[in-house]
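S.K.: There's a structure below that I have some questions on.
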Amino acid sequence: KNKIFLINLERFNYENNKSNEKINSICKFEFVDTVKSKNIDQNNKNIILELLAINLFKKGKNIEIALLFKDNAFITLSTENIIEVTLEDQYKKKND
């Protein structure tokens with residue numbers, strides 16, 4: 001109803017040359033009309049996916065955003081000609 005898709009990410013701090021430092025971030029996609037997933041067990045609350053790439057495709061009047069994960073898992077977001085994405089860091093995580 002609000003057309004927002006949020007995904008929690010844990011990423012490395014490459015921009016400050018601290019590749020061993022992890023940062024918890026939220027990636028927010030706005031104006032999303034539909035979301036589809038494949039090869040993701042949505043009943044597993046502890047699932048950890050490794051994001052490999054984000055691709056954009058023009059499909060008719062829509063734009064599809066494909067989030068590609070390790071082990072052939074993916075999430076596809078469909079939007080109407082508007083793409084608004086924000087990555088917001090939440091906190092730095094101490095290494096395990």
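The chains in the structure tokens are called A, B, ... from first to last as shown; in each chain the residues are counted from 1, and the ligands are counted from 1 in the order shown.
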Select from segment 4-30 of chain A every residue with an atom at most 8 Å from any atom of segment 75-92 of chain A, then for each give the shortest pair of atoms and their distance in Å to one decimal, using only C-alpha atoms, rows by chain and rising number, as a tab-separated table.
M.R.:
residue	atom	partner	partner_atom	distance
A:Glu21	CA	A:Lys92	CA	7.3
A:Lys22	CA	A:Lys92	CA	5.9
A:Ile23	CA	A:Lys92	CA	4.3
A:Asn24	CA	A:Gln90	CA	5.5
A:Ser25	CA	A:Asp89	CA	4.2
A:Ile26	CA	A:Glu88	CA	5.3
A:Cys27	CA	A:Leu87	CA	4.5
A:Lys28	CA	A:Thr86	CA	5.1
A:Phe29	CA	A:Val85	CA	4.6
A:Glu30	CA	A:Glu84	CA	5.4
S.K.: For each of A:Ser37, A:Val32, A:Leu67, A:Ile7, take the minimum atom-to-atom distance to Asn55 of chain A, counting only C-alpha atoms, then give the residue where this is smallest.
M.R.: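 Looking only at the distances to Asn55 of chain A, the closest residue turns out to be A:Leu67.
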S.K.: Could you work out how far atom CA of Ile54 of chain A lies from atom CA of Leu68 of chain A, giving the answer in Å with one decimal?
M.R.: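 Computing it gives 6.1 Å between the two atoms.
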S.K.: Work out how far apart atom CA of Lys38 of chain A and atom CA of Phe74 of chain A are and give it in Å to one decimal.
M.R.: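 Here the two named atoms are 5.5 Å from each other.
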S.K.: Could you pull out all residues of chain A with a DSSP call of strand (DSSP E) and give them as a PyMOL selection string?
M.R.: chain A and resi 4-13+18-38+51-59+62-69+73-93
S.K.: Can you measure atom CA of Asn39 of chain A to atom CA of Leu51 of chain A for me? One decimal in Å is fine.
M.R.: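 If I compute the distance from atom CA of Asn39 of chain A to atom CA of Leu51 of chain A, I get 13.5 Å.
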